[in-house]
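Trainee: If it helps, the file is called work-v8.csv and holds CSV, C-alpha atoms:
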chain,number,residue,atom,x,y,z
E,103,MET,CA,-43.2,151.9,32.5
E,104,SER,CA,-45.7,150.8,35.1
E,105,ASP,CA,-46.6,147.3,35.7
E,106,GLU,CA,-50.1,147.9,34.6
E,107,HIS,CA,-49.0,149.2,31.4
E,108,ASP,CA,-46.8,146.1,30.9
E,109,ASP,CA,-49.6,143.7,31.6
E,110,ASP,CA,-51.8,145.6,29.3
E,111,ALA,CA,-49.3,145.4,26.6
E,112,GLN,CA,-48.8,141.7,27.1
E,113,ASP,CA,-52.5,141.1,27.0
E,114,ARG,CA,-52.8,143.0,23.8
E,115,ARG,CA,-49.7,141.2,22.4
E,116,ALA,CA,-51.3,137.9,23.1
E,117,ASP,CA,-54.2,138.9,20.9
E,118,ASP,CA,-51.8,140.4,18.3
E,119,PRO,CA,-51.0,137.4,16.1
E,120,GLN,CA,-54.6,137.2,14.9
E,121,ALA,CA,-55.4,140.8,15.0
E,122,GLN,CA,-52.2,142.4,13.6
E,123,GLU,CA,-50.7,139.9,11.3
E,124,PRO,CA,-52.8,140.5,8.2
E,125,GLN,CA,-52.4,144.2,8.2
E,126,ALA,CA,-48.7,144.1,9.1
E,127,GLY,CA,-48.1,141.6,6.4
E,128,GLY,CA,-49.8,143.7,3.9
E,129,GLY,CA,-47.8,146.8,4.8
E,130,GLN,CA,-44.6,144.8,4.7
E,131,GLN,CA,-45.2,143.3,1.4
E,132,GLU,CA,-45.8,146.7,-0.1
E,133,GLN,CA,-42.6,148.1,1.3
E,134,ASP,CA,-40.4,145.2,0.4
E,135,PRO,CA,-39.8,145.9,-3.3
E,136,GLN,CA,-38.8,149.5,-2.5
E,137,ASP,CA,-35.8,148.8,-0.4
E,138,GLY,CA,-35.1,145.4,-1.9
E,139,GLY,CA,-34.4,144.1,1.6
E,140,ALA,CA,-36.3,142.2,4.2
E,141,HIS,CA,-37.8,145.0,6.0
E,142,ALA,CA,-38.7,148.6,5.9
E,143,GLU,CA,-36.0,151.3,6.0
E,144,ASP,CA,-38.2,154.1,7.2
E,145,ALA,CA,-39.8,151.9,9.9
E,146,PRO,CA,-38.2,153.7,12.9
E,147,GLU,CA,-40.3,156.8,12.3
E,148,GLU,CA,-43.5,154.9,11.9
E,149,PRO,CA,-44.1,153.4,15.3
E,150,ARG,CA,-43.3,156.6,17.0
E,151,GLU,CA,-46.6,158.2,16.4
E,152,PRO,CA,-48.8,155.4,17.7
E,153,ALA,CA,-46.3,154.6,20.5
E,154,ALA,CA,-48.9,155.7,23.0
E,155,ALA,CA,-51.5,153.3,21.7
E,156,GLN,CA,-49.2,150.4,20.6
E,157,PRO,CA,-46.6,148.6,22.8
E,158,SER,CA,-43.0,149.7,22.4
E,159,GLY,CA,-40.4,147.6,20.7
E,160,ARG,CA,-38.9,146.5,23.9
E,161,GLN,CA,-42.3,145.3,25.1
E,162,ARG,CA,-42.8,143.4,21.9
E,163,LEU,CA,-39.5,141.7,22.3
E,164,LEU,CA,-40.2,140.7,25.9
E,165,ALA,CA,-43.6,139.5,24.9
E,166,GLY,CA,-42.1,137.4,22.1
E,167,LEU,CA,-39.6,135.9,24.4
E,168,TRP,CA,-41.9,135.1,27.4
E,169,PRO,CA,-44.1,133.2,27.8
E,170,PRO,CA,-43.2,130.8,25.0
E,171,ARG,CA,-46.0,130.3,22.6
E,172,ALA,CA,-46.1,127.7,19.8
E,173,SER,CA,-47.6,130.0,17.2
E,174,ARG,CA,-47.0,129.4,13.5
E,175,ALA,CA,-44.7,132.4,13.3
E,176,GLN,CA,-42.6,131.2,16.2
E,177,LEU,CA,-42.3,127.8,14.7
E,178,THR,CA,-41.4,128.9,11.2
E,179,VAL,CA,-38.8,131.3,12.5
E,180,ALA,CA,-37.5,128.6,14.8
E,181,VAL,CA,-37.0,126.3,11.8
E,182,LEU,CA,-35.2,129.0,9.8
E,183,LEU,CA,-33.1,130.0,12.7
E,184,PHE,CA,-32.3,126.3,13.2
E,185,VAL,CA,-31.0,126.2,9.6
E,186,LEU,CA,-29.0,129.4,10.3
E,187,GLY,CA,-27.5,128.0,13.4
E,188,LEU,CA,-26.6,124.8,11.6
E,189,GLY,CA,-24.9,126.7,8.8
E,190,LEU,CA,-23.1,129.0,11.2
E,191,ALA,CA,-21.8,126.1,13.2
E,192,ILE,CA,-20.8,124.1,10.1
E,193,GLN,CA,-19.0,127.1,8.7
E,194,VAL,CA,-17.2,128.0,12.0
E,195,ASN,CA,-16.2,124.3,12.3
E,196,THR,CA,-14.9,124.2,8.7
E,197,THR,CA,-13.0,127.5,9.1
E,198,SER,CA,-11.4,126.5,12.5
E,199,ASP,CA,-10.5,123.1,11.2
E,200,ASN,CA,-6.9,122.4,10.4
E,201,GLY,CA,-6.4,123.8,6.8
E,202,GLY,CA,-9.8,125.4,7.1
E,203,ALA,CA,-8.4,128.5,5.3
E,204,LEU,CA,-7.8,126.3,2.2
E,205,ARG,CA,-11.1,124.5,2.5
E,206,GLY,CA,-13.1,127.7,2.3
E,207,ALA,CA,-11.0,129.2,-0.4
E,208,ARG,CA,-12.3,129.3,-4.0
E,209,GLN,CA,-10.7,127.7,-7.0
E,210,GLU,CA,-8.7,130.6,-8.4
E,211,ASP,CA,-7.3,131.3,-5.0
E,212,LEU,CA,-6.3,127.7,-4.6
E,213,VAL,CA,-4.7,127.7,-8.0
E,214,ARG,CA,-2.7,130.9,-7.1
E,215,ILE,CA,-1.7,129.4,-3.7
E,216,LEU,CA,-0.6,126.2,-5.4
E,217,THR,CA,1.4,128.1,-8.0
E,218,GLU,CA,3.1,130.1,-5.2
E,219,VAL,CA,3.9,127.0,-3.3
E,220,ASP,CA,5.2,125.3,-6.4
E,221,ASN,CA,7.4,128.3,-7.2
E,222,ARG,CA,8.7,128.4,-3.6
E,223,THR,CA,9.4,124.7,-3.7
E,224,GLN,CA,11.2,125.1,-7.0
E,225,ARG,CA,13.3,127.9,-5.5
E,226,LEU,CA,14.1,126.0,-2.4
E,227,GLU,CA,14.9,122.9,-4.5
E,228,ASP,CA,17.4,124.9,-6.6
E,229,GLU,CA,18.9,126.4,-3.5
E,230,LYS,CA,19.2,123.0,-1.9
E,231,ARG,CA,20.9,121.6,-5.0
E,232,GLY,CA,23.3,124.5,-5.1
E,233,LEU,CA,24.2,124.0,-1.5
E,234,GLU,CA,24.6,120.3,-1.9
E,235,THR,CA,27.0,120.8,-4.8
E,236,GLN,CA,28.9,123.3,-2.8
E,237,ARG,CA,29.0,120.9,0.1
E,238,SER,CA,30.3,118.0,-1.9
E,239,GLU,CA,32.9,120.3,-3.5
E,240,LEU,CA,34.1,121.4,-0.2
E,241,GLN,CA,34.1,117.9,1.1
E,242,SER,CA,36.0,116.5,-1.8
E,243,SER,CA,38.5,119.3,-1.7
E,244,SER,CA,39.0,118.9,2.0
E,245,ASP,CA,39.3,115.1,1.5
E,246,GLN,CA,41.9,115.8,-1.2
E,247,ALA,CA,43.7,118.2,1.0
E,248,ALA,CA,43.8,115.6,3.8
E,249,GLU,CA,44.9,112.9,1.5
E,250,ALA,CA,47.6,115.1,0.1
E,251,LEU,CA,48.7,116.0,3.6
E,252,LYS,CA,48.9,112.4,4.5
E,253,GLN,CA,51.0,111.5,1.5
E,254,THR,CA,53.2,114.5,2.1
E,255,ARG,CA,53.8,113.4,5.7
E,256,GLN,CA,54.7,109.9,4.5
E,257,LYS,CA,57.0,111.2,1.9
E,258,GLU,CA,58.6,113.5,4.5
E,259,GLN,CA,59.2,110.6,6.8
E,260,GLN,CA,60.7,108.5,4.0
E,261,LEU,CA,62.9,111.4,2.8
E,262,GLY,CA,63.8,112.3,6.3
E,263,ILE,CA,65.1,108.8,6.9
E,264,LEU,CA,67.2,109.1,3.7
E,265,ALA,CA,68.4,112.6,4.5
E,266,GLY,CA,69.1,111.7,8.1
E,267,THR,CA,66.8,114.4,9.6
E,268,VAL,CA,64.6,112.0,11.5
E,269,THR,CA,65.4,109.1,13.8
E,270,ALA,CA,64.8,105.6,12.5
E,271,GLU,CA,64.3,102.2,14.1
E,272,GLY,CA,63.9,98.7,13.0
E,273,PRO,CA,65.6,95.3,12.7
E,274,GLY,CA,69.2,95.3,11.7
E,275,ILE,CA,72.7,94.6,12.9
E,276,THR,CA,75.4,96.2,15.0
E,277,LEU,CA,78.9,96.0,13.5
E,278,THR,CA,81.7,96.8,15.9
E,279,ILE,CA,85.2,97.3,14.5
E,280,THR,CA,88.0,97.3,17.0
E,281,ASP,CA,91.4,98.3,15.6
E,282,PRO,CA,94.1,98.4,18.3
E,283,HIS,CA,96.9,98.8,15.7
E,284,GLY,CA,95.4,101.6,13.6
E,285,GLY,CA,95.4,99.6,10.5
E,286,VAL,CA,91.8,100.5,9.5
E,287,ALA,CA,91.9,103.5,7.2
E,288,ALA,CA,89.1,105.5,5.6
E,289,ASP,CA,89.0,103.3,2.5
E,290,SER,CA,88.3,100.2,4.6
E,291,LEU,CA,85.4,102.0,6.3
E,292,LEU,CA,84.1,103.2,3.0
E,293,ASP,CA,84.3,99.6,1.7
E,294,THR,CA,82.4,98.4,4.7
E,295,LEU,CA,79.8,101.1,4.1
E,296,GLN,CA,79.4,100.2,0.4
E,297,GLU,CA,79.0,96.6,1.3
E,298,LEU,CA,76.3,97.4,3.8
E,299,ARG,CA,74.5,99.6,1.2
E,300,ALA,CA,74.8,97.0,-1.4
E,301,ALA,CA,73.2,94.5,1.0
E,302,GLY,CA,70.2,96.8,1.4
E,303,ALA,CA,71.0,98.9,4.5
E,304,GLU,CA,68.4,101.7,4.9
E,305,ALA,CA,69.7,103.8,7.7
E,306,ILE,CA,73.3,103.8,9.0
E,307,GLN,CA,75.0,105.5,11.9
E,308,ILE,CA,78.7,105.2,12.7
E,309,ASN,CA,79.3,106.1,16.3
E,310,ASP,CA,77.3,109.3,16.5
E,311,VAL,CA,77.5,110.3,12.9
E,312,ARG,CA,74.5,109.7,10.6
E,313,VAL,CA,75.6,108.3,7.3
E,314,VAL,CA,73.8,109.8,4.3
E,315,ALA,CA,74.3,110.1,0.6
E,316,ASP,CA,77.1,112.7,0.8
E,317,THR,CA,79.0,111.2,3.7
E,318,TYR,CA,82.7,111.1,3.1
E,319,PHE,CA,85.6,109.5,4.9
E,320,THR,CA,89.0,111.1,5.3
E,321,ASP,CA,92.2,110.0,7.0
E,322,GLY,CA,93.2,112.5,9.6
E,323,ALA,CA,96.3,112.9,11.7
E,324,ASP,CA,95.0,110.8,14.6
E,325,GLY,CA,92.3,108.6,13.0
E,326,VAL,CA,89.5,108.7,10.5
E,327,LEU,CA,87.3,111.7,10.0
E,328,ILE,CA,83.7,111.1,8.9
E,329,ASP,CA,82.2,114.2,7.3
E,330,GLY,CA,85.0,116.1,8.8
E,331,ARG,CA,84.4,114.9,12.4
E,332,PRO,CA,86.9,112.8,14.2
E,333,VAL,CA,85.6,109.4,15.2
E,334,SER,CA,87.1,107.4,18.0
E,335,GLN,CA,87.5,103.7,18.2
E,336,PRO,CA,85.8,101.3,18.3
E,337,TYR,CA,83.8,102.1,15.2
E,338,VAL,CA,80.2,101.0,15.9
E,339,PHE,CA,78.0,100.7,12.9
E,340,LYS,CA,74.3,100.7,13.6
E,341,VAL,CA,72.6,99.5,10.5
E,342,ILE,CA,68.9,99.1,9.8
E,343,GLY,CA,68.0,96.6,7.1
E,344,ASN,CA,67.3,92.9,6.7
E,345,PRO,CA,69.7,91.1,9.2
E,346,GLN,CA,69.6,87.9,7.1
E,347,ASP,CA,71.0,89.9,4.2
E,348,LEU,CA,73.4,92.2,6.0
E,349,GLU,CA,75.3,89.6,8.1
E,350,PRO,CA,76.2,87.2,5.3
E,351,ALA,CA,77.2,90.2,3.1
E,352,LEU,CA,79.8,91.1,5.7
E,353,ASN,CA,80.9,87.5,6.4
E,354,ILE,CA,81.3,86.2,2.9
E,355,PRO,CA,84.8,84.8,2.2
E,356,GLY,CA,87.0,87.6,1.0
E,357,GLY,CA,84.4,90.1,2.4
E,358,VAL,CA,84.6,92.9,4.8
E,359,VAL,CA,85.2,90.9,7.9
E,360,GLN,CA,88.1,88.9,6.4
E,361,THR,CA,89.6,92.0,4.9
E,362,LEU,CA,89.5,93.8,8.3
E,363,GLU,CA,91.0,90.8,10.0
E,364,LYS,CA,93.9,91.0,7.6
E,365,GLU,CA,94.5,94.5,8.9
E,366,GLN,CA,94.7,93.1,12.5
E,367,ALA,CA,91.3,94.4,13.4
E,368,THR,CA,88.4,92.5,14.7
E,369,ALA,CA,84.9,92.9,13.3
E,370,ASP,CA,82.0,91.8,15.4
E,371,VAL,CA,78.5,91.4,13.9
E,372,VAL,CA,75.4,91.2,16.2
E,373,ARG,CA,71.9,90.8,14.8
E,374,SER,CA,69.1,92.7,16.6
E,375,GLN,CA,65.4,93.0,16.1
E,376,LYS,CA,65.5,96.6,17.2
E,377,ILE,CA,68.2,99.0,16.1
E,378,VAL,CA,67.7,102.7,16.8
E,379,VAL,CA,69.5,105.1,14.6
E,380,ASP,CA,69.1,108.4,16.4
E,381,ALA,CA,72.0,110.5,15.2
E,382,LEU,CA,70.5,113.4,13.2
E,383,ARG,CA,71.6,115.8,10.6
E,384,PRO,CA,70.4,119.3,10.2
E,385,LEU,CA,68.0,119.9,7.3
E,386,LYS,CA,69.8,121.7,4.5
E,387,GLN,CA,67.8,123.9,2.2
E,388,PRO,CA,69.1,123.7,-1.3
E,389,ASP,CA,70.2,127.2,-2.5
E,390,TYR,CA,69.6,126.7,-6.2
E,391,ALA,CA,67.8,123.4,-6.9
E,392,ARG,CA,64.1,123.7,-6.9
E,393,SER,CA,61.6,120.9,-7.2
E,394,SER,CA,60.4,120.7,-10.8
E,395,SER,CA,57.5,118.4,-10.0
E,396,ARG,CA,55.1,121.3,-9.6
O,132,MET,CA,-38.6,132.0,22.7
O,133,ILE,CA,-39.0,128.9,20.5
O,134,ALA,CA,-37.2,130.8,17.7
O,135,VAL,CA,-34.2,131.4,20.0
O,136,LEU,CA,-34.4,127.8,21.0
O,137,GLY,CA,-34.3,126.9,17.4
O,138,LEU,CA,-31.1,128.9,16.9
O,139,VAL,CA,-29.4,127.3,19.9
O,140,VAL,CA,-30.5,123.8,18.9
O,141,GLY,CA,-29.1,124.5,15.4
O,142,VAL,CA,-25.7,125.6,16.6
O,143,VAL,CA,-25.5,122.6,19.0
O,144,VAL,CA,-26.5,120.1,16.4
O,145,GLY,CA,-24.0,121.7,13.9
O,146,LEU,CA,-21.2,121.4,16.5
O,147,VAL,CA,-22.1,118.0,17.7
O,148,VAL,CA,-22.9,116.2,14.5
O,149,ARG,CA,-20.3,118.0,12.3
O,150,PRO,CA,-22.0,117.3,9.1
O,151,VAL,CA,-19.9,117.1,5.9
O,152,VAL,CA,-20.8,119.8,3.5
O,153,PRO,CA,-20.8,118.7,-0.2
O,154,THR,CA,-17.8,120.3,-2.0
O,155,GLY,CA,-20.0,122.0,-4.5
O,156,VAL,CA,-21.9,123.9,-1.9
O,157,GLU,CA,-18.9,124.8,0.3
O,158,PRO,CA,-18.0,128.2,-1.3
O,159,TYR,CA,-21.6,129.4,-0.9
O,160,LEU,CA,-22.1,128.5,2.7
O,161,PRO,CA,-20.4,131.5,4.3
O,162,ILE,CA,-22.2,134.0,2.0
O,163,ALA,CA,-25.5,132.2,2.6
O,164,VAL,CA,-24.9,132.4,6.4
O,165,VAL,CA,-24.2,136.1,6.2
O,166,ALA,CA,-27.3,136.6,4.1
O,167,ALA,CA,-29.4,134.7,6.5
O,168,LEU,CA,-28.0,136.7,9.4
O,169,ASP,CA,-29.1,139.8,7.5
O,170,ALA,CA,-32.6,138.4,7.1
O,171,VAL,CA,-32.7,137.5,10.8
O,172,PHE,CA,-31.6,141.0,11.9
O,173,GLY,CA,-34.2,142.5,9.5
O,174,GLY,CA,-36.9,140.2,11.0
O,175,LEU,CA,-35.9,141.2,14.6
O,176,ARG,CA,-36.2,144.8,13.7
O,177,ALA,CA,-39.6,144.3,12.0
O,178,MET,CA,-40.7,142.5,15.2
O,179,LEU,CA,-39.6,145.5,17.3
O,180,ASP,CA,-41.4,147.8,14.9
O,181,GLY,CA,-44.5,145.7,15.2
O,182,ILE,CA,-44.7,144.9,11.5
O,183,PHE,CA,-43.3,141.4,11.7
O,184,ASP,CA,-44.8,138.8,9.4
O,185,ASP,CA,-43.7,135.2,9.3
O,186,LYS,CA,-44.5,134.8,5.6
O,187,VAL,CA,-42.3,137.8,4.7
O,188,PHE,CA,-39.6,136.6,7.0
O,189,VAL,CA,-39.6,133.2,5.4
O,190,VAL,CA,-39.5,134.6,1.9
O,191,SER,CA,-36.9,137.2,2.7
O,192,PHE,CA,-34.7,134.6,4.5
O,193,LEU,CA,-34.8,132.2,1.6
O,194,SER,CA,-34.5,134.8,-1.2
O,195,ASN,CA,-31.6,136.4,0.6
O,196,VAL,CA,-29.8,133.1,0.9
O,197,VAL,CA,-30.5,132.1,-2.7
O,198,VAL,CA,-29.7,135.5,-4.2
O,199,ALA,CA,-26.4,135.7,-2.3
O,200,ALA,CA,-25.4,132.2,-3.3
O,201,LEU,CA,-26.5,133.0,-6.9
O,202,ILE,CA,-24.4,136.2,-7.0
O,203,VAL,CA,-21.3,134.3,-5.8
O,204,PHE,CA,-22.0,131.5,-8.2
O,205,LEU,CA,-22.3,133.9,-11.1
O,206,GLY,CA,-19.2,135.7,-9.9
O,207,ASP,CA,-17.3,132.4,-9.9
O,208,LYS,CA,-18.5,131.7,-13.4
O,209,LEU,CA,-17.4,135.2,-14.6
O,210,GLY,CA,-14.1,134.9,-12.8
O,211,VAL,CA,-14.8,137.7,-10.3
O,212,GLY,CA,-16.1,135.5,-7.6
O,213,ALA,CA,-13.7,136.8,-4.9
O,214,GLN,CA,-14.5,140.4,-5.6
O,215,LEU,CA,-18.2,139.8,-5.9
O,216,SER,CA,-18.4,137.8,-2.7
O,217,THR,CA,-16.6,140.6,-1.0
O,218,GLY,CA,-19.1,143.1,-2.4
O,219,VAL,CA,-22.0,141.0,-1.2
O,220,VAL,CA,-20.5,140.7,2.3
O,221,VAL,CA,-20.0,144.5,2.4
O,222,VAL,CA,-23.6,145.2,1.4
O,223,LEU,CA,-25.0,142.7,3.8
O,224,GLY,CA,-22.7,144.0,6.5
O,225,ILE,CA,-24.0,147.5,6.0
O,226,ARG,CA,-27.6,146.3,6.2
O,227,ILE,CA,-26.9,144.3,9.3
O,228,PHE,CA,-25.4,147.4,10.9
O,229,SER,CA,-28.3,149.6,10.0
O,230,ASN,CA,-30.8,147.0,11.3
O,231,ALA,CA,-28.7,146.6,14.4
O,232,ALA,CA,-28.9,150.4,14.9
O,233,ALA,CA,-32.6,150.4,14.6
O,234,ILE,CA,-32.9,147.5,17.0
O,235,ARG,CA,-30.6,149.3,19.4
O,236,ARG,CA,-32.8,152.3,19.3
O,237,HIS,CA,-35.8,150.2,20.1
O,238,VAL,CA,-34.2,148.2,22.9
O,239,PHE,CA,-32.1,150.8,24.6
O,240,ARG,CA,-34.0,153.9,23.4
O,241,ALA,CA,-30.7,155.4,22.4
Please rewrite the model in this file as structure tokens.
Mentor:
Amino acid sequence: MSDEHDDDAQDRRADDPQAQEPQAGGGQQEQDPQDGGAHAEDAPEEPREPAAAQPSGRQRLLAGLWPPRASRAQLTVAVLLFVLGLGLAIQVNTTSDNGGALRGARQEDLVRILTEVDNRTQRLEDEKRGLETQRSELQSSSDQAAEALKQTRQKEQQLGILAGTVTAEGPGITLTITDPHGGVAADSLLDTLQELRAAGAEAIQINDVRVVADTYFTDGADGVLIDGRPVSQPYVFKVIGNPQDLEPALNIPGGVVQTLEKEQATADVVRSQKIVVDALRPLKQPDYARSSSR
Amino acid sequence: MIAVLGLVVGVVVGLVVRPVVPTGVEPYLPIAVVAALDAVFGGLRAMLDGIFDDKVFVVSFLSNVVVAALIVFLGDKLGVGAQLSTGVVVVLGIRIFSNAAAIRRHVFRA
């Protein structure tokens, strides 16, 4: 396109609003009902024939853009485009807002989404409840197991002291029997032991033999045997129990100490706050007896 | 030029002021915007064809918006709002494309 042609077109365009509008409007209004839209469908063909006489579309666009003219058409279009821009901006704002997807959604969608969320919440709630139940079950069972373990340990300790499989320590007395003339026989030692047991002795050791429920005393060729093991003199009883009970029990008139003194032996009782009974017995597994508590 | 300025000012005002849309109108706004876009493309094409008329443009703009909103409203009442608004958007989209094609032919001669 030459410059002259452009100028020419612009000049003509300047006159256009007055000259062309009425006829263009008329044509447009007749075409409108046919295609139901804003503007003619078959328009592209139309301006081709008078293209030589009329300005091309591009020229019209440029003419409309520059120079700015405050014509009625421009102003009305400006107002409408302002409204469009406003709506566009509002809509874009709304959509890009946080939760904009929900704001723009229609009622039935919202109801569906709400139902879905409700269902999901319900499912998760159920799952949570199940897991919590499981957790509390596991916790209580592990608590029970720990408690049972603790009790079992305690019981094992107690039984171990009774059975002589563990060492024991505590307040008690040490009884030393010295018998230079060999007058002390198994029955005297048994009497002494019974006296100590009656006075509440809890763990007893004679020399290096732990005294338990089935301990027995026998007279051997050269001394006393305890549980079949020879014990040499002096006989040292390490006894755990209440010293205030044990000592008087031995010293009462006609008691162990006096009886032993009649046999020409000396009995020496020493109280102590810490007696260690450390002679052990092997644990024996019963062959036939089984616990009936379970 | 003034028309383009109007569009720009509208967008700027919408972004700056952030007006609150009434809840009742909210579902119709997007459809109305698409319908208005269709009218604007139609108007641009008519201008390139040299048959632009501001009265027709105003009427088509307003009627497009109103009819689109009305269809969606009716669809909502009938319980097919989502489908109907999809249909409206599809139809308007097709029209926008064909108008854009015509505009392209004018502007780029291709």
Trainee: Once you count all atoms listed in the file, what closest atom pair and distance in Å to one decimal does each residue of chain O within 8 Å of chain E have, with rows by chain and rising residue number, as CSV?
Mentor:
residue,atom,partner,partner_atom,distance
O:Met132,CA,E:Leu167,CA,4.4
O:Ile133,CA,E:Ala180,CA,5.9
O:Ala134,CA,E:Ala180,CA,3.7
O:Val135,CA,E:Ala180,CA,6.8
O:Leu136,CA,E:Ala180,CA,7.0
O:Gly137,CA,E:Ala180,CA,4.5
O:Leu138,CA,E:Phe184,CA,4.7
O:Val139,CA,E:Gly187,CA,6.8
O:Val140,CA,E:Phe184,CA,6.5
O:Gly141,CA,E:Phe184,CA,4.3
O:Val142,CA,E:Gly187,CA,4.4
O:Val143,CA,E:Ala191,CA,7.7
O:Val144,CA,E:Leu188,CA,6.7
O:Gly145,CA,E:Leu188,CA,4.7
O:Leu146,CA,E:Ala191,CA,5.8
O:Arg149,CA,E:Ile192,CA,6.5
O:Pro150,CA,E:Ile192,CA,7.0
O:Val152,CA,E:Ile192,CA,7.9
O:Glu157,CA,E:Gly206,CA,6.8
O:Pro158,CA,E:Gly206,CA,6.1
O:Leu160,CA,E:Gln193,CA,6.9
O:Pro161,CA,E:Gln193,CA,6.4
O:Val164,CA,E:Leu190,CA,6.2
O:Ala167,CA,E:Leu186,CA,6.5
O:Leu168,CA,E:Leu186,CA,7.4
O:Ala170,CA,E:Ala140,CA,6.0
O:Val171,CA,E:Leu183,CA,7.7
O:Gly173,CA,E:His141,CA,5.6
O:Gly174,CA,E:His141,CA,7.0
O:Arg176,CA,E:His141,CA,7.9
O:Ala177,CA,E:His141,CA,6.3
O:Met178,CA,E:Arg162,CA,7.1
O:Leu179,CA,E:Gly159,CA,4.1
O:Asp180,CA,E:Gly159,CA,5.9
O:Gly181,CA,E:Gly159,CA,7.1
O:Ile182,CA,E:Ala126,CA,4.7
O:Phe183,CA,E:Ala126,CA,6.6
O:Asp184,CA,E:Gly127,CA,5.3
O:Asp185,CA,E:Ala175,CA,5.0
O:Lys186,CA,E:Gly127,CA,7.7
O:Val187,CA,E:Gln131,CA,7.0
O:Phe188,CA,E:Ala140,CA,7.1
O:Val189,CA,E:Val179,CA,7.4
O:Ser191,CA,E:Ala140,CA,5.3
O:Phe192,CA,E:Leu182,CA,7.7
O:Ala213,CA,E:Arg208,CA,7.7
O:Ala233,CA,E:Pro146,CA,6.7
O:His237,CA,E:Gly159,CA,5.3
O:Val238,CA,E:Arg160,CA,5.1
Trainee: What lies within 9 Å of E:Pro282 using all atoms listed in the file, ignoring chain neighbours under 2 positions off, as a short mmCIF file (atom, residue, chain, number, x, y, z; two decimals) with C-alpha atoms, in the coordinates of the input?
Mentor:
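Result file around-v6.cif:
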data_model
loop_
_atom_site.label_atom_id
_atom_site.label_comp_id
_atom_site.auth_asym_id
_atom_site.auth_seq_id
_atom_site.Cartn_x
_atom_site.Cartn_y
_atom_site.Cartn_z
CA THR E 280 88.00 97.30 17.00
CA GLY E 284 95.40 101.60 13.60
CA GLY E 285 95.40 99.60 10.50
CA GLN E 335 87.50 103.70 18.20
CA PRO E 336 85.80 101.30 18.30
CA GLN E 366 94.70 93.10 12.50
CA ALA E 367 91.30 94.40 13.40
CA THR E 368 88.40 92.50 14.70
#
Trainee: Please measure the separation of atom CA of E:Asp370 and atom CA of E:Val338, giving the value in Å to one decimal.
Mentor: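 The value is 9.4 Å.
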Trainee: Hey, can you check how far atom CA of O:Val197 sits from atom CA of O:Ile162?
Mentor: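 Going from atom CA of O:Val197 over to atom CA of O:Ile162 covers 9.7 Å.
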Trainee: Every residue with an atom at most 10 Å from (72.3, 108.4, 9.0) (file coordinates; all atoms listed in the file) is what I'm after, so could you write them as a list in words?
Mentor: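 Every polymer residue passing the test: Gly262, Ile263, Leu264, Ala265, Gly266, Thr267, Val268, Thr269, Ala270, Glu304, Ala305, Ile306, Gln307, Ile308, Asp310, Val311, Arg312, Val313, Val314, Ala315, Thr317, Lys340, Val341, Ile342, Val379, Asp380, Ala381, Leu382 and Arg383 of chain E.
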Trainee: Quick one: distance from atom CA of E:Val213 to atom CA of O:Val219 in Å, one decimal?
Mentor: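 Atom-to-atom, atom CA of E:Val213 to atom CA of O:Val219, that is 22.9 Å.
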Trainee: Have a look at E:Gly232, E:Gly322, E:Gly330, E:Pro350 and name the one nearest to E:Ile275; count only C-alpha atoms.
Mentor: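 Distance minimum relative to E:Ile275 lands on E:Pro350.
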Trainee: Taking only C-alpha atoms into account, which of O:Leu205, O:Val220, O:Ala163, O:Leu175 comes nearest O:Leu193?
Mentor: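 Checking each of O:Leu205, O:Val220, O:Ala163, O:Leu175 against O:Leu193, counting only C-alpha atoms, the winner is O:Ala163.
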